[in-house]
>>> print(open('protein08.cif').read())   # mmCIF, C-alpha atoms
data_run
#
loop_
_atom_site.group_PDB
_atom_site.id
_atom_site.type_symbol
_atom_site.label_atom_id
_atom_site.label_comp_id
_atom_site.auth_asym_id
_atom_site.auth_seq_id
_atom_site.Cartn_x
_atom_site.Cartn_y
_atom_site.Cartn_z
ATOM 1 C CA GLY A 7 9.557 324.890 124.382
ATOM 2 C CA PRO A 8 5.878 325.335 123.538
ATOM 3 C CA GLY A 9 6.745 326.598 120.035
ATOM 4 C CA ALA A 10 8.597 323.398 119.122
ATOM 5 C CA GLY A 11 5.777 321.172 120.433
ATOM 6 C CA SER A 12 3.084 323.045 118.515
ATOM 7 C CA GLU A 13 5.037 322.536 115.253
ATOM 8 C CA ALA A 14 5.808 318.804 115.852
ATOM 9 C CA HIS A 15 2.239 317.735 116.630
ATOM 10 C CA PRO A 16 0.574 318.739 113.310
ATOM 11 C CA ARG A 17 3.609 317.415 111.426
ATOM 12 C CA ARG A 18 3.224 313.949 112.990
ATOM 13 C CA ARG A 19 -0.528 314.063 112.297
ATOM 14 C CA GLY A 20 0.134 314.958 108.671
ATOM 15 C CA VAL A 21 2.539 312.029 108.301
ATOM 16 C CA ARG A 22 -0.055 309.630 109.707
ATOM 17 C CA LEU A 23 -2.746 310.977 107.355
ATOM 18 C CA SER A 24 -0.390 310.674 104.389
ATOM 19 C CA ALA A 25 0.435 307.099 105.302
ATOM 20 C CA LEU A 26 -3.268 306.244 105.682
ATOM 21 C CA LEU A 27 -4.062 307.779 102.286
ATOM 22 C CA LEU A 28 -1.252 305.889 100.583
ATOM 23 C CA SER A 29 -2.352 302.627 102.183
ATOM 24 C CA THR A 30 -5.905 303.155 100.919
ATOM 25 C CA LEU A 31 -4.657 303.878 97.408
ATOM 26 C CA TRP A 32 -2.515 300.738 97.365
ATOM 27 C CA GLU A 33 -5.349 298.508 98.578
ATOM 28 C CA GLY A 34 -7.672 299.961 95.931
ATOM 29 C CA GLY A 35 -5.189 299.156 93.165
ATOM 30 C CA ALA A 36 -4.272 302.731 92.321
ATOM 31 C CA ALA A 37 -0.525 303.323 92.299
ATOM 32 C CA PRO A 38 0.545 306.971 92.829
ATOM 33 C CA LYS A 39 3.192 308.319 90.478
ATOM 34 C CA GLY A 40 6.662 309.063 91.758
ATOM 35 C CA ASP A 41 8.340 308.096 94.992
ATOM 36 C CA VAL A 42 5.680 309.488 97.320
ATOM 37 C CA THR A 43 6.932 307.410 100.275
ATOM 38 C CA GLU A 44 10.230 309.247 100.430
ATOM 39 C CA GLY A 45 10.776 310.732 103.880
ATOM 40 C CA LEU A 46 8.096 308.634 105.607
ATOM 41 C CA PRO A 47 9.143 306.588 108.639
ATOM 42 C CA VAL A 48 9.437 302.858 107.866
ATOM 43 C CA ALA A 49 6.638 302.020 110.301
ATOM 44 C CA LEU A 50 4.246 304.354 108.450
ATOM 45 C CA ALA A 51 5.142 303.318 104.896
ATOM 46 C CA PRO A 52 2.246 301.710 102.953
ATOM 47 C CA PRO A 53 2.124 297.939 102.487
ATOM 48 C CA PRO A 54 3.616 296.501 99.276
ATOM 49 C CA LEU A 55 1.344 296.549 96.254
ATOM 50 C CA ARG A 56 -0.316 293.179 95.692
ATOM 51 C CA GLY A 57 -1.811 291.759 92.533
ATOM 52 C CA PRO A 58 -0.849 292.594 88.943
ATOM 53 C CA PRO A 59 1.208 295.662 88.072
ATOM 54 C CA PRO A 60 -0.848 298.844 87.536
ATOM 55 C CA HIS A 61 -0.281 298.844 83.765
ATOM 56 C CA GLU A 62 -1.807 295.334 83.532
ATOM 57 C CA MET A 63 -4.909 296.087 85.605
ATOM 58 C CA GLY A 64 -8.176 295.705 83.755
ATOM 59 C CA ARG A 65 -6.677 293.368 81.154
ATOM 60 C CA LYS A 66 -8.313 290.002 80.651
ATOM 61 C CA ARG A 67 -6.103 286.965 80.923
ATOM 62 C CA ARG A 68 -5.491 285.281 77.622
ATOM 63 C CA HIS A 69 -6.146 281.574 77.645
ATOM 64 C CA LYS A 70 -4.686 279.267 75.051
ATOM 65 C CA PRO A 71 -7.460 278.043 72.761
ATOM 66 C CA VAL A 72 -8.368 274.386 73.091
ATOM 67 C CA MET A 73 -7.829 272.749 69.733
ATOM 68 C CA ALA A 74 -10.588 270.350 68.637
ATOM 69 C CA THR A 75 -9.494 266.817 67.818
ATOM 70 C CA THR A 76 -9.520 265.960 64.117
ATOM 71 C CA LEU A 77 -9.470 262.422 62.728
ATOM 72 C CA TYR A 78 -7.493 261.680 59.567
ATOM 73 C CA ILE A 79 -8.030 258.416 57.700
ATOM 74 C CA ASP A 80 -5.333 257.160 55.362
ATOM 75 C CA ALA A 81 -8.263 255.723 53.486
ATOM 76 C CA ASP A 82 -6.795 253.580 50.702
ATOM 77 C CA ALA A 83 -7.407 249.965 51.787
ATOM 78 C CA CYS A 84 -8.511 251.060 55.293
ATOM 79 C CA PRO A 85 -11.012 248.494 56.647
ATOM 80 C CA VAL A 86 -12.292 250.515 59.617
ATOM 81 C CA LYS A 87 -13.696 253.665 58.012
ATOM 82 C CA GLU A 88 -17.232 252.919 59.246
ATOM 83 C CA GLU A 89 -15.942 252.535 62.803
ATOM 84 C CA VAL A 90 -14.213 255.906 62.553
ATOM 85 C CA TYR A 91 -17.434 257.519 61.304
ATOM 86 C CA ARG A 92 -19.332 256.007 64.219
ATOM 87 C CA VAL A 93 -16.938 257.421 66.816
ATOM 88 C CA ALA A 94 -16.835 260.788 65.039
ATOM 89 C CA ARG A 95 -20.635 261.099 65.092
ATOM 90 C CA ARG A 96 -20.825 260.152 68.754
ATOM 91 C CA CYS A 97 -18.060 262.558 69.803
ATOM 92 C CA GLY A 98 -18.743 265.346 67.300
ATOM 93 C CA LEU A 99 -15.315 265.138 65.640
ATOM 94 C CA LYS A 100 -14.260 266.236 62.172
ATOM 95 C CA VAL A 101 -13.030 263.474 59.846
ATOM 96 C CA PHE A 102 -10.892 263.815 56.714
ATOM 97 C CA VAL A 103 -11.006 260.772 54.442
ATOM 98 C CA VAL A 104 -7.840 261.076 52.351
ATOM 99 C CA SER A 105 -7.255 258.882 49.306
ATOM 100 C CA ASN A 106 -5.860 258.845 45.768
ATOM 101 C CA ALA A 107 -9.209 257.894 44.236
ATOM 102 C CA TRP A 108 -12.902 258.374 44.893
ATOM 103 C CA ILE A 109 -14.321 256.423 47.834
ATOM 104 C CA ASN A 110 -17.962 256.155 48.767
ATOM 105 C CA THR A 111 -18.110 258.523 51.745
ATOM 106 C CA PRO A 112 -21.143 259.645 53.810
ATOM 107 C CA ARG A 113 -22.337 263.122 52.919
ATOM 108 C CA GLU A 114 -22.311 264.635 56.384
ATOM 109 C CA PRO A 115 -20.954 267.936 57.728
ATOM 110 C CA LEU A 116 -18.399 266.194 59.955
ATOM 111 C CA ILE A 117 -17.067 263.897 57.225
ATOM 112 C CA GLU A 118 -15.050 265.338 54.361
ATOM 113 C CA GLN A 119 -13.495 263.440 51.498
ATOM 114 C CA VAL A 120 -10.129 264.592 50.158
ATOM 115 C CA ILE A 121 -8.913 263.175 46.830
ATOM 116 C CA VAL A 122 -5.241 263.889 46.205
ATOM 117 C CA ASP A 123 -3.135 263.406 43.091
ATOM 118 C CA ALA A 124 -1.829 259.967 42.286
ATOM 119 C CA GLY A 125 1.484 259.123 43.859
ATOM 120 C CA PRO A 126 2.869 256.874 46.605
ATOM 121 C CA ASP A 127 3.304 259.619 49.223
ATOM 122 C CA VAL A 128 0.841 262.327 48.171
ATOM 123 C CA ALA A 129 -1.889 261.290 50.607
ATOM 124 C CA ASP A 130 0.708 260.848 53.349
ATOM 125 C CA ASP A 131 2.077 264.339 52.714
ATOM 126 C CA TRP A 132 -1.421 265.869 52.855
ATOM 127 C CA ILE A 133 -2.092 264.282 56.244
ATOM 128 C CA ALA A 134 1.367 264.898 57.717
ATOM 129 C CA GLU A 135 1.247 268.591 56.820
ATOM 130 C CA ARG A 136 -1.999 269.075 58.754
ATOM 131 C CA ALA A 137 -2.020 266.635 61.670
ATOM 132 C CA GLN A 138 -1.022 268.276 64.931
ATOM 133 C CA ARG A 139 -1.121 267.742 68.673
ATOM 134 C CA GLY A 140 -4.512 266.405 69.733
ATOM 135 C CA ASP A 141 -5.320 264.843 66.344
ATOM 136 C CA ILE A 142 -5.573 261.132 65.545
ATOM 137 C CA VAL A 143 -4.354 259.519 62.319
ATOM 138 C CA ILE A 144 -5.619 256.087 61.287
ATOM 139 C CA THR A 145 -2.969 254.469 59.107
ATOM 140 C CA ALA A 146 -0.951 251.317 58.563
ATOM 141 C CA ASP A 147 1.837 253.294 56.925
ATOM 142 C CA ILE A 148 4.816 253.294 59.289
ATOM 143 C CA PRO A 149 6.666 256.321 57.831
ATOM 144 C CA LEU A 150 3.460 258.375 57.998
ATOM 145 C CA ALA A 151 2.950 257.292 61.599
ATOM 146 C CA ASP A 152 6.490 258.424 62.381
ATOM 147 C CA ARG A 153 5.844 261.854 60.833
ATOM 148 C CA VAL A 154 2.598 262.537 62.676
ATOM 149 C CA LEU A 155 4.033 261.346 65.993
ATOM 150 C CA LYS A 156 6.734 263.989 65.629
ATOM 151 C CA SER A 157 3.953 266.572 65.191
ATOM 152 C CA GLY A 158 2.339 265.494 68.468
ATOM 153 C CA ALA A 159 -0.578 263.585 66.912
ATOM 154 C CA GLN A 160 -1.523 259.982 67.698
ATOM 155 C CA ALA A 161 -1.221 257.226 65.097
ATOM 156 C CA LEU A 162 -3.415 254.145 65.195
ATOM 157 C CA LYS A 163 -3.490 251.021 63.017
ATOM 158 C CA SER A 164 -6.730 249.420 61.879
ATOM 159 C CA ASN A 165 -6.139 246.442 64.203
ATOM 160 C CA GLY A 166 -6.054 248.732 67.245
ATOM 161 C CA GLN A 167 -2.273 248.875 67.590
ATOM 162 C CA LEU A 168 -1.083 252.298 68.709
ATOM 163 C CA PHE A 169 2.173 253.618 67.324
ATOM 164 C CA THR A 170 4.218 255.272 70.065
ATOM 165 C CA ALA A 171 7.535 257.065 70.356
ATOM 166 C CA ASP A 172 8.944 253.888 71.953
ATOM 167 C CA SER A 173 7.701 251.487 69.269
ATOM 168 C CA ILE A 174 8.077 253.481 66.058
ATOM 169 C CA GLY A 175 11.842 252.963 65.849
ATOM 170 C CA SER A 176 11.610 249.167 65.789
ATOM 171 C CA ALA A 177 8.681 249.357 63.357
ATOM 172 C CA LEU A 178 10.751 251.456 60.947
ATOM 173 C CA ALA A 179 13.695 249.079 61.282
ATOM 174 C CA GLY A 180 11.494 246.045 60.609
ATOM 175 C CA ARG A 181 10.054 247.729 57.542
ATOM 176 C CA MET A 182 13.527 248.432 56.158
ATOM 177 C CA ILE A 183 14.611 244.811 56.722
ATOM 178 C CA GLY A 184 11.507 243.531 54.960
ATOM 179 C CA GLU A 185 12.095 245.809 51.974
ATOM 180 C CA HIS A 186 15.716 244.683 51.787
ATOM 181 C CA LEU A 187 14.751 240.998 51.857
ATOM 182 C CA ARG A 188 12.105 241.462 49.158
ATOM 183 C CA SER A 189 14.606 243.321 46.972
ATOM 184 C CA MET A 190 16.821 240.224 47.190
ATOM 185 C CA GLY A 191 13.952 237.961 46.180
ATOM 186 C CA VAL A 192 13.363 236.535 49.628
ATOM 187 C CA PRO A 193 9.639 235.914 50.198
ATOM 188 C CA THR A 194 8.213 237.560 53.292
ATOM 189 C CA SER A 195 4.885 237.062 55.013
ATOM 190 C CA GLY A 196 2.338 239.842 54.923
ATOM 191 C CA PRO A 197 0.042 240.942 57.732
ATOM 192 C CA PRO A 198 -2.516 238.414 58.997
ATOM 193 C CA PRO A 199 -6.099 238.670 57.659
ATOM 194 C CA PHE A 200 -8.251 241.358 59.251
ATOM 195 C CA SER A 201 -10.667 239.848 61.774
ATOM 196 C CA ALA A 202 -13.723 240.779 63.807
ATOM 197 C CA ALA A 203 -11.485 240.811 66.889
ATOM 198 C CA ASP A 204 -9.270 243.402 65.179
ATOM 199 C CA ARG A 205 -12.330 245.551 64.492
ATOM 200 C CA SER A 206 -13.391 245.383 68.126
ATOM 201 C CA ARG A 207 -9.885 246.213 69.355
ATOM 202 C CA PHE A 208 -9.745 249.164 66.994
ATOM 203 C CA LEU A 209 -12.979 250.634 68.345
ATOM 204 C CA GLN A 210 -11.709 250.375 71.908
ATOM 205 C CA ALA A 211 -8.331 251.848 70.960
ATOM 206 C CA LEU A 212 -9.921 254.748 69.069
ATOM 207 C CA ASP A 213 -12.193 255.588 72.023
ATOM 208 C CA ALA A 214 -9.137 255.569 74.291
ATOM 209 C CA ALA A 215 -7.182 257.777 71.861
ATOM 210 C CA VAL A 216 -10.022 260.301 71.745
ATOM 211 C CA ALA A 217 -10.131 260.367 75.554
ATOM 212 C CA ARG A 218 -6.364 261.014 75.696
ATOM 213 C CA ALA A 219 -6.621 263.769 73.091
ATOM 214 C CA ARG A 220 -9.189 265.612 75.202
#
>>> encode(input="protein08.cif", output="structure tokens")
Amino acid sequence: GPGAGSEAHPRRRGVRLSALLLSTLWEGGAAPKGDVTEGLPVALAPPPLRGPPPHEMGRKRRHKPVMATTLYIDADACPVKEEVYRVARRCGLKVFVVSNAWINTPREPLIEQVIVDAGPDVADDWIAERAQRGDIVITADIPLADRVLKSGAQALKSNGQLFTADSIGSALAGRMIGEHLRSMGVPTSGPPPFSAADRSRFLQALDAAVARAR
């Protein structure tokens, strides 16, 4: 009868207004507390909340810091220190010159000399404990190269040869064979003399390593 119709009309209008209000709140990012949609028809329920959860709204996303590339020189008997300094100046990179004794090193903010205690592995330990992903280590020492590769750093010889995860195993094996032969008194040949071509290859390889690190 008329009484039933007069009660149903405002009730339907109230449901529509409630649904409209809830939809506006959801679009604006404000999430009402409690299950306020209970009892609403499915067609009038507000759209699902998009974007981050309410408790994360207003928070800034945290980005992982970009680590600057550092160059480490295993400096005892290293013939390409000047080339490393040149690349470091051009690219604005920090250089640690690590050795067991004093070495004439440029007095510049980006270049720092580190003199460690005497010992066969002290300089290697200092470098290996600090080199990390994105860094570049200049060394001819195969065990040191193996250690820094495991830390994610790059290892580069003074002739431009890059130690890699694929090549380090055979390099270690060759070193062990050479040591065994020398211990038996068998003469072995050393590395060939350092040449101008080696210096040029090193510069190109170091530029490429810096590009990969970035």
>>> atom_distance(input="protein08.cif", atom1="atom CA of A:Pro149", atom2="atom CA of A:Leu178")
7.1 Å
>>> residues_around(input="protein08.cif", residues="A:Gln160", least_positions_apart="2", cutoff="12 Å", atoms="only C-alpha atoms", output="PyMOL selection string")
chain A and resi 75-78+134+137-145+150-158+162-163+167-171+174+211-212+214-219
>>> atom_distance(input="protein08.cif", atom1="atom CA of A:Val86", atom2="atom CA of A:Val101")
13.0 Å
>>> atom_distance(input="protein08.cif", atom1="atom CA of A:Ile133", atom2="atom CA of A:Lys100")
13.7 Å
>>> closest_residue(input="protein08.cif", among="A:Asn110, A:Met182, A:Cys97, A:Asp82", to="A:Pro126", atoms="only C-alpha atoms")
A:Asp82
>>> residues_around(input="protein08.cif", residues="A:Phe208", least_positions_apart="6", cutoff="6 Å", atoms="only C-alpha atoms", output="number ranges by chain")
A: 164-166
>>> axis_aligned_box(input="protein08.cif", around="stretch 197-202 of chain A", padding_each_side="5 Å", output="JSON")
{"center_x": -6.8, "center_y": 239.9, "center_z": 60.7, "size_x": 23.8, "size_y": 12.9, "size_z": 16.1}
>>> resolve_selection(input="protein08.cif", expression="the PyMOL selection byres ((chain A and resi 197) around 12)", output="list of chain:residue names")
A:Ala146, A:Lys163, A:Ser164, A:Asn165, A:Thr194, A:Ser195, A:Gly196, A:Pro198, A:Pro199, A:Phe200, A:Ser201
>>> closest_residue(input="protein08.cif", among="A:Ala81, A:Ile148, A:Leu187, A:Ala159", to="A:Ser105", atoms="only C-alpha atoms")
A:Ala81
>>> decode(input="protein08.cif", residues="stretch 88-132 of chain A", atoms="N, CA and C atoms", output="mmCIF file, in the first residue's frame")
data_model
loop_
_atom_site.group_PDB
_atom_site.id
_atom_site.type_symbol
_atom_site.label_atom_id
_atom_site.label_comp_id
_atom_site.auth_asym_id
_atom_site.auth_seq_id
_atom_site.Cartn_x
_atom_site.Cartn_y
_atom_site.Cartn_z
ATOM 1 N N GLU A 88 99.866 5.364 -12.919
ATOM 2 C CA GLU A 88 99.562 6.658 -13.542
ATOM 3 C C GLU A 88 98.321 6.567 -14.418
ATOM 4 N N GLU A 89 98.130 5.464 -15.093
ATOM 5 C CA GLU A 89 96.932 5.288 -15.926
ATOM 6 C C GLU A 89 95.678 5.235 -15.053
ATOM 7 N N VAL A 90 95.787 4.584 -13.902
ATOM 8 C CA VAL A 90 94.643 4.542 -12.990
ATOM 9 C C VAL A 90 94.315 5.945 -12.483
ATOM 10 N N TYR A 91 95.341 6.716 -12.139
ATOM 11 C CA TYR A 91 95.103 8.088 -11.667
ATOM 12 C C TYR A 91 94.404 8.908 -12.750
ATOM 13 N N ARG A 92 94.824 8.707 -13.986
ATOM 14 C CA ARG A 92 94.241 9.484 -15.087
ATOM 15 C C ARG A 92 92.750 9.190 -15.236
ATOM 16 N N VAL A 93 92.390 7.925 -15.200
ATOM 17 C CA VAL A 93 90.975 7.548 -15.314
ATOM 18 C C VAL A 93 90.193 8.036 -14.092
ATOM 19 N N ALA A 94 90.793 7.938 -12.922
ATOM 20 C CA ALA A 94 90.112 8.374 -11.698
ATOM 21 C C ALA A 94 89.824 9.870 -11.729
ATOM 22 N N ARG A 95 90.770 10.667 -12.206
ATOM 23 C CA ARG A 95 90.544 12.116 -12.295
ATOM 24 C C ARG A 95 89.421 12.420 -13.283
ATOM 25 N N ARG A 96 89.463 11.742 -14.421
ATOM 26 C CA ARG A 96 88.460 12.017 -15.456
ATOM 27 C C ARG A 96 87.058 11.619 -15.013
ATOM 28 N N CYS A 97 86.949 10.522 -14.257
ATOM 29 C CA CYS A 97 85.643 10.003 -13.864
ATOM 30 C C CYS A 97 85.246 10.385 -12.445
ATOM 31 N N GLY A 98 86.148 11.042 -11.714
ATOM 32 C CA GLY A 98 85.832 11.434 -10.340
ATOM 33 C C GLY A 98 85.722 10.250 -9.393
ATOM 34 N N LEU A 99 86.651 9.303 -9.474
ATOM 35 C CA LEU A 99 86.596 8.090 -8.673
ATOM 36 C C LEU A 99 87.675 8.101 -7.594
ATOM 37 N N LYS A 100 87.341 7.532 -6.453
ATOM 38 C CA LYS A 100 88.285 7.396 -5.355
ATOM 39 C C LYS A 100 89.253 6.255 -5.646
ATOM 40 N N VAL A 101 90.548 6.485 -5.309
ATOM 41 C CA VAL A 101 91.578 5.477 -5.524
ATOM 42 C C VAL A 101 92.311 5.213 -4.209
ATOM 43 N N PHE A 102 92.470 3.936 -3.874
ATOM 44 C CA PHE A 102 93.313 3.533 -2.748
ATOM 45 C C PHE A 102 94.544 2.838 -3.322
ATOM 46 N N VAL A 103 95.711 3.386 -2.985
ATOM 47 C CA VAL A 103 96.984 2.830 -3.433
ATOM 48 C C VAL A 103 97.561 2.053 -2.257
ATOM 49 N N VAL A 104 97.466 0.725 -2.312
ATOM 50 C CA VAL A 104 97.786 -0.120 -1.166
ATOM 51 C C VAL A 104 99.127 -0.816 -1.401
ATOM 52 N N SER A 105 100.038 -0.656 -0.436
ATOM 53 C CA SER A 105 101.362 -1.259 -0.582
ATOM 54 C C SER A 105 101.955 -1.527 0.793
ATOM 55 N N ASN A 106 103.075 -2.285 0.800
ATOM 56 C CA ASN A 106 103.773 -2.589 2.041
ATOM 57 C C ASN A 106 104.812 -1.531 2.391
ATOM 58 N N ALA A 107 105.116 -0.654 1.460
ATOM 59 C CA ALA A 107 106.118 0.386 1.692
ATOM 60 C C ALA A 107 105.658 1.682 1.039
ATOM 61 N N TRP A 108 106.344 2.757 1.370
ATOM 62 C CA TRP A 108 105.972 4.066 0.834
ATOM 63 C C TRP A 108 106.178 4.104 -0.668
ATOM 64 N N ILE A 109 105.226 4.690 -1.372
ATOM 65 C CA ILE A 109 105.289 4.882 -2.817
ATOM 66 C C ILE A 109 104.962 6.336 -3.105
ATOM 67 N N ASN A 110 105.685 6.924 -4.011
ATOM 68 C CA ASN A 110 105.410 8.308 -4.384
ATOM 69 C C ASN A 110 104.022 8.399 -5.016
ATOM 70 N N THR A 111 103.102 9.037 -4.299
ATOM 71 C CA THR A 111 101.695 9.074 -4.708
ATOM 72 C C THR A 111 101.232 10.532 -4.795
ATOM 73 N N PRO A 112 100.470 10.901 -5.818
ATOM 74 C CA PRO A 112 99.970 12.284 -5.910
ATOM 75 C C PRO A 112 99.169 12.672 -4.674
ATOM 76 N N ARG A 113 99.368 13.886 -4.222
ATOM 77 C CA ARG A 113 98.606 14.383 -3.075
ATOM 78 C C ARG A 113 97.345 15.064 -3.587
ATOM 79 N N GLU A 114 96.320 14.261 -3.774
ATOM 80 C CA GLU A 114 95.048 14.746 -4.299
ATOM 81 C C GLU A 114 93.922 14.142 -3.479
ATOM 82 N N PRO A 115 92.795 14.840 -3.379
ATOM 83 C CA PRO A 115 91.682 14.329 -2.554
ATOM 84 C C PRO A 115 91.188 12.950 -2.972
ATOM 85 N N LEU A 116 91.237 12.648 -4.281
ATOM 86 C CA LEU A 116 90.694 11.382 -4.760
ATOM 87 C C LEU A 116 91.678 10.225 -4.632
ATOM 88 N N ILE A 117 92.940 10.531 -4.342
ATOM 89 C CA ILE A 117 93.970 9.494 -4.306
ATOM 90 C C ILE A 117 94.503 9.375 -2.891
ATOM 91 N N GLU A 118 94.395 8.181 -2.332
ATOM 92 C CA GLU A 118 94.818 7.963 -0.947
ATOM 93 C C GLU A 118 95.781 6.787 -0.870
ATOM 94 N N GLN A 119 96.915 7.034 -0.235
ATOM 95 C CA GLN A 119 97.898 5.969 -0.073
ATOM 96 C C GLN A 119 97.644 5.224 1.230
ATOM 97 N N VAL A 120 97.736 3.899 1.165
ATOM 98 C CA VAL A 120 97.560 3.052 2.341
ATOM 99 C C VAL A 120 98.799 2.173 2.461
ATOM 100 N N ILE A 121 99.547 2.335 3.550
ATOM 101 C CA ILE A 121 100.735 1.519 3.800
ATOM 102 C C ILE A 121 100.377 0.513 4.890
ATOM 103 N N VAL A 122 100.444 -0.756 4.549
ATOM 104 C CA VAL A 122 100.092 -1.817 5.486
ATOM 105 C C VAL A 122 101.361 -2.445 6.043
ATOM 106 N N ASP A 123 101.205 -3.268 7.056
ATOM 107 C CA ASP A 123 102.349 -3.955 7.654
ATOM 108 C C ASP A 123 102.986 -4.910 6.646
ATOM 109 N N ALA A 124 104.230 -5.209 6.880
ATOM 110 C CA ALA A 124 104.933 -6.141 6.000
ATOM 111 C C ALA A 124 104.312 -7.528 6.124
ATOM 112 N N GLY A 125 104.305 -8.233 5.032
ATOM 113 C CA GLY A 125 103.719 -9.569 5.031
ATOM 114 C C GLY A 125 103.216 -9.892 3.643
ATOM 115 N N PRO A 126 103.236 -11.160 3.247
ATOM 116 C CA PRO A 126 102.877 -11.530 1.875
ATOM 117 C C PRO A 126 101.417 -11.270 1.518
ATOM 118 N N ASP A 127 100.509 -11.340 2.484
ATOM 119 C CA ASP A 127 99.084 -11.220 2.181
ATOM 120 C C ASP A 127 98.404 -10.046 2.881
ATOM 121 N N VAL A 128 99.171 -9.184 3.533
ATOM 122 C CA VAL A 128 98.559 -8.107 4.312
ATOM 123 C C VAL A 128 97.859 -7.106 3.397
ATOM 124 N N ALA A 129 98.524 -6.710 2.329
ATOM 125 C CA ALA A 129 97.895 -5.778 1.381
ATOM 126 C C ALA A 129 96.680 -6.423 0.717
ATOM 127 N N ASP A 130 96.811 -7.703 0.383
ATOM 128 C CA ASP A 130 95.679 -8.415 -0.230
ATOM 129 C C ASP A 130 94.481 -8.446 0.717
ATOM 130 N N ASP A 131 94.755 -8.728 1.993
ATOM 131 C CA ASP A 131 93.663 -8.780 2.975
ATOM 132 C C ASP A 131 92.981 -7.430 3.095
ATOM 133 N N TRP A 132 93.770 -6.351 3.103
ATOM 134 C CA TRP A 132 93.191 -4.999 3.252
ATOM 135 C C TRP A 132 92.232 -4.716 2.095
#
